[in-house]
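Participant: Here you go, final03.tsv (TSV, C-alpha atoms):
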```tsv
chain	number	residue	atom	x	y	z
F	1	MET	CA	-104.40	68.18	-55.97
F	2	ASN	CA	-103.08	69.78	-52.80
F	3	TYR	CA	-100.06	71.95	-53.57
F	4	GLN	CA	-99.38	72.89	-49.94
F	5	HIS	CA	-97.36	69.78	-49.30
F	6	ARG	CA	-95.55	69.69	-52.61
F	7	ILE	CA	-91.80	69.25	-52.31
F	8	LEU	CA	-89.95	72.09	-53.99
F	9	PRO	CA	-86.43	72.04	-55.38
F	10	PHE	CA	-83.88	73.80	-53.18
F	11	TYR	CA	-83.64	76.80	-55.51
F	12	MET	CA	-87.40	77.45	-55.20
F	13	SER	CA	-87.62	77.13	-51.44
F	14	GLY	CA	-86.21	80.60	-50.73
F	15	ALA	CA	-87.53	84.00	-51.67
F	16	LEU	CA	-88.75	84.69	-55.16
F	17	PRO	CA	-86.02	85.34	-57.69
F	18	TYR	CA	-85.49	89.00	-58.53
F	19	PHE	CA	-87.02	88.78	-62.01
F	20	MET	CA	-90.22	87.28	-60.57
F	21	GLN	CA	-90.44	89.99	-57.91
F	22	GLU	CA	-90.04	92.60	-60.62
F	23	GLU	CA	-92.73	90.92	-62.74
F	24	ASP	CA	-95.09	90.90	-59.76
F	25	SER	CA	-94.38	94.56	-59.12
F	26	VAL	CA	-95.13	95.43	-62.75
F	27	ARG	CA	-98.42	93.49	-62.61
F	28	ARG	CA	-99.52	95.27	-59.41
F	29	ASP	CA	-98.57	98.63	-60.88
F	30	LEU	CA	-100.58	97.92	-64.02
F	31	GLU	CA	-103.61	96.77	-62.03
F	32	TYR	CA	-103.50	99.96	-59.98
F	33	LEU	CA	-103.31	102.14	-63.08
F	34	GLN	CA	-106.24	100.26	-64.61
F	35	GLN	CA	-108.32	101.18	-61.57
F	36	LEU	CA	-107.82	104.81	-62.58
F	37	TYR	CA	-109.39	104.32	-66.03
F	38	PRO	CA	-112.47	106.44	-66.76
F	39	ALA	CA	-115.77	104.71	-65.96
F	40	GLN	CA	-116.72	104.17	-69.61
F	41	VAL	CA	-113.39	102.52	-70.38
F	42	LYS	CA	-113.66	100.27	-67.29
F	43	LYS	CA	-117.08	99.06	-68.48
F	44	LEU	CA	-115.75	98.52	-71.99
F	45	GLN	CA	-112.73	96.63	-70.66
F	46	ALA	CA	-114.94	94.36	-68.56
F	47	ARG	CA	-117.18	93.68	-71.57
F	48	VAL	CA	-114.20	92.95	-73.85
F	49	SER	CA	-112.81	90.58	-71.22
F	50	ASP	CA	-116.17	88.76	-71.00
F	51	ILE	CA	-116.31	88.36	-74.77
F	52	LEU	CA	-112.71	87.10	-74.98
F	53	ASP	CA	-113.46	84.58	-72.21
F	54	LYS	CA	-115.54	82.74	-74.80
F	55	MET	CA	-112.53	82.67	-77.14
F	56	ASP	CA	-110.08	81.51	-74.48
F	57	TYR	CA	-109.45	77.93	-75.55
F	58	GLU	CA	-106.52	75.93	-76.86
F	59	GLY	CA	-105.93	76.71	-80.54
F	60	SER	CA	-107.80	80.01	-80.45
F	61	LEU	CA	-106.62	82.86	-82.65
F	62	ILE	CA	-105.68	84.82	-79.55
F	63	TYR	CA	-102.89	82.30	-78.92
F	64	ASP	CA	-101.52	82.32	-82.46
F	65	GLU	CA	-97.88	83.40	-82.61
F	66	TYR	CA	-98.80	86.10	-85.13
F	67	PRO	CA	-102.58	86.63	-85.07
F	68	ASP	CA	-104.05	87.62	-88.41
F	69	LYS	CA	-104.68	91.36	-88.58
F	70	TRP	CA	-107.93	90.93	-90.50
F	71	GLN	CA	-109.29	88.46	-87.93
F	72	LEU	CA	-108.47	90.90	-85.13
F	73	TYR	CA	-110.34	93.66	-87.00
F	74	GLN	CA	-113.28	91.28	-87.44
F	75	LEU	CA	-113.16	90.53	-83.71
F	76	LYS	CA	-113.26	94.26	-82.98
F	77	ASP	CA	-116.20	94.71	-85.35
F	78	SER	CA	-118.11	91.90	-83.65
F	79	VAL	CA	-117.42	93.39	-80.20
F	80	VAL	CA	-118.70	96.79	-81.40
F	81	ALA	CA	-121.78	95.12	-82.91
F	82	ILE	CA	-122.51	93.44	-79.56
F	83	LEU	CA	-122.06	96.76	-77.78
F	84	LYS	CA	-124.42	98.50	-80.24
F	85	GLN	CA	-127.08	95.82	-79.67
F	86	GLU	CA	-126.76	96.18	-75.90
F	87	ASP	CA	-126.95	99.98	-76.18
F	88	ALA	CA	-130.07	99.79	-78.38
F	89	ALA	CA	-131.73	97.37	-75.93
F	90	ARG	CA	-130.88	99.68	-73.03
F	91	LYS	CA	-132.37	102.66	-74.88
F	92	ASP	CA	-135.52	100.68	-75.68
F	93	ASN	CA	-135.92	99.89	-71.99
F	94	LEU	CA	-135.46	103.55	-71.08
F	95	GLN	CA	-138.11	104.65	-73.56
F	96	GLY	CA	-140.61	102.33	-71.90
F	97	ASP	CA	-140.30	104.26	-68.61
F	98	PRO	CA	-142.80	107.15	-68.48
F	99	GLY	CA	-140.58	109.23	-66.18
F	100	GLN	CA	-137.62	109.25	-68.56
F	101	GLU	CA	-137.02	111.92	-71.17
F	102	GLU	CA	-137.08	110.95	-74.83
F	103	ALA	CA	-133.57	109.82	-75.74
F	104	PRO	CA	-132.30	110.38	-79.29
F	105	ARG	CA	-132.44	107.17	-81.34
F	106	GLU	CA	-129.29	107.68	-83.37
F	107	ASP	CA	-125.87	108.09	-81.83
F	108	PRO	CA	-123.33	110.19	-83.66
F	109	PRO	CA	-120.95	108.04	-85.73
F	110	GLU	CA	-117.99	109.57	-83.88
F	111	LYS	CA	-119.16	107.86	-80.70
F	112	TRP	CA	-118.97	104.40	-82.26
F	113	GLU	CA	-115.71	105.20	-84.03
F	114	TRP	CA	-114.17	106.13	-80.67
F	115	ILE	CA	-115.62	103.04	-78.99
F	116	GLY	CA	-114.31	100.86	-81.84
F	117	ASP	CA	-110.81	102.29	-81.51
F	118	MET	CA	-110.84	101.86	-77.74
F	119	ALA	CA	-112.23	98.32	-78.04
F	120	GLN	CA	-109.43	97.43	-80.46
F	121	ILE	CA	-106.78	98.68	-78.03
F	122	LEU	CA	-108.40	96.81	-75.14
F	123	ILE	CA	-108.66	93.62	-77.22
F	124	TYR	CA	-104.93	93.76	-77.97
F	125	TYR	CA	-104.11	94.37	-74.32
F	126	GLU	CA	-106.41	91.56	-73.18
F	127	ILE	CA	-104.82	89.15	-75.69
F	128	TYR	CA	-101.37	90.13	-74.42
F	129	ARG	CA	-102.46	89.65	-70.81
F	130	ARG	CA	-103.90	86.22	-71.52
F	131	ARG	CA	-100.79	85.13	-73.41
F	132	HIS	CA	-98.31	86.32	-70.79
F	133	GLY	CA	-100.21	86.27	-67.53
F	134	GLY	CA	-103.41	85.18	-65.94
F	135	ARG	CA	-104.26	81.50	-66.01
F	136	ARG	CA	-101.50	80.60	-68.45
F	137	GLY	CA	-98.82	82.62	-66.72
F	138	PHE	CA	-95.29	81.77	-65.66
F	139	LEU	CA	-94.78	79.15	-62.92
F	140	LYS	CA	-98.46	78.31	-62.41
F	141	PHE	CA	-98.71	74.96	-60.66
```
Any chance you could put this one into structure tokens?

Facilitator:
Amino acid sequence: MNYQHRILPFYMSGALPYFMQEEDSVRRDLEYLQQLYPAQVKKLQARVSDILDKMDYEGSLIYDEYPDKWQLYQLKDSVVAILKQEDAARKDNLQGDPGQEEAPREDPPEKWEWIGDMAQILIYYEIYRRRHGGRRGFLKF
């Protein structure tokens, strides 16, 4: 459908209403601040977003009015499990290279505790963003 030639009501033909301009300003500000995240957090955020893309469907728990706390913890645990598998595979590939130093097999538990906490925060943010912005946002034609 071509939206260029859509006829708009008179109240939508002018400039954006103030509340929409403010909302756009907040979104741009947030996107800028996210660019300043540390590199590890940016990678984690991208990975969390990829995983939640698979859960982005009508009726998903991320669109429940009050998502179940236990299910959100389970989602975090599954994200951390995926990240651990990817990390182990990456380490296995590094050990195959003769020029690389021997990497320690076990990561300290504090590392995964920190990653789990950060993943949980990013999951909540990503759910909020998908509920109130993005593809399902306000005035999307």

Participant: So the first atom is CA of Ser49 (chain F) and the second is CA of Tyr125 (chain F); what is the distance between them in Å, to one decimal place?

Facilitator: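 CA of Tyr125 (chain F) lies 10.0 Å from CA of Ser49 (chain F).
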
Participant: Do you have the CA of Ile121 (chain F)-CA of Ile51 (chain F) distance handy?

Facilitator: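 It comes out at 14.4 Å.
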
Participant: Would you kindly identify which residues have an atom no farther than 12 Å from (-115.6, 106.0, -80.8), using only C-alpha atoms and the file's own coordinates, and write them out as a PyMOL selection string?

Facilitator: chain F and resi 40-41+44+80+83-84+107-121

Participant: Record the distance separating CA of Leu52 (chain F) and CA of Arg129 (chain F), expressed in Å with one decimal.

Facilitator: 11.4 Å

Participant: Could you give me, as a ChimeraX atom specification, the residues that sit within 12 Å of (-110.9, 91.4, -86.7) in the file's coordinates, counting all atoms listed in the file?

Facilitator: /F:61-62,67-80,116,119-120,123-124

Participant: Output the selection as a PDB file, keeping the file's coordinate frame - C-alpha atoms for each residue.

Facilitator:
```
ATOM      1  CA  LEU F  61    -106.620  82.860 -82.650  1.00  0.00           C
ATOM      2  CA  ILE F  62    -105.680  84.820 -79.550  1.00  0.00           C
ATOM      3  CA  PRO F  67    -102.580  86.630 -85.070  1.00  0.00           C
ATOM      4  CA  ASP F  68    -104.050  87.620 -88.410  1.00  0.00           C
ATOM      5  CA  LYS F  69    -104.680  91.360 -88.580  1.00  0.00           C
ATOM      6  CA  TRP F  70    -107.930  90.930 -90.500  1.00  0.00           C
ATOM      7  CA  GLN F  71    -109.290  88.460 -87.930  1.00  0.00           C
ATOM      8  CA  LEU F  72    -108.470  90.900 -85.130  1.00  0.00           C
ATOM      9  CA  TYR F  73    -110.340  93.660 -87.000  1.00  0.00           C
ATOM     10  CA  GLN F  74    -113.280  91.280 -87.440  1.00  0.00           C
ATOM     11  CA  LEU F  75    -113.160  90.530 -83.710  1.00  0.00           C
ATOM     12  CA  LYS F  76    -113.260  94.260 -82.980  1.00  0.00           C
ATOM     13  CA  ASP F  77    -116.200  94.710 -85.350  1.00  0.00           C
ATOM     14  CA  SER F  78    -118.110  91.900 -83.650  1.00  0.00           C
ATOM     15  CA  VAL F  79    -117.420  93.390 -80.200  1.00  0.00           C
ATOM     16  CA  VAL F  80    -118.700  96.790 -81.400  1.00  0.00           C
ATOM     17  CA  GLY F 116    -114.310 100.860 -81.840  1.00  0.00           C
ATOM     18  CA  ALA F 119    -112.230  98.320 -78.040  1.00  0.00           C
ATOM     19  CA  GLN F 120    -109.430  97.430 -80.460  1.00  0.00           C
ATOM     20  CA  ILE F 123    -108.660  93.620 -77.220  1.00  0.00           C
ATOM     21  CA  TYR F 124    -104.930  93.760 -77.970  1.00  0.00           C
TER      22      TYR F 124
END
```

Participant: Would you mind telling me which residue in F:Ala81, F:Lys42, F:Leu94, F:Asp64 lies nearest to Tyr128 (chain F) when using only C-alpha atoms?

Facilitator: F:Asp64

Participant: Using only C-alpha atoms, can you tell me which of F:Asp92, F:Ile82, F:Asp87, F:Ile7 comes closest to Val48 (chain F)?

Facilitator: F:Ile82
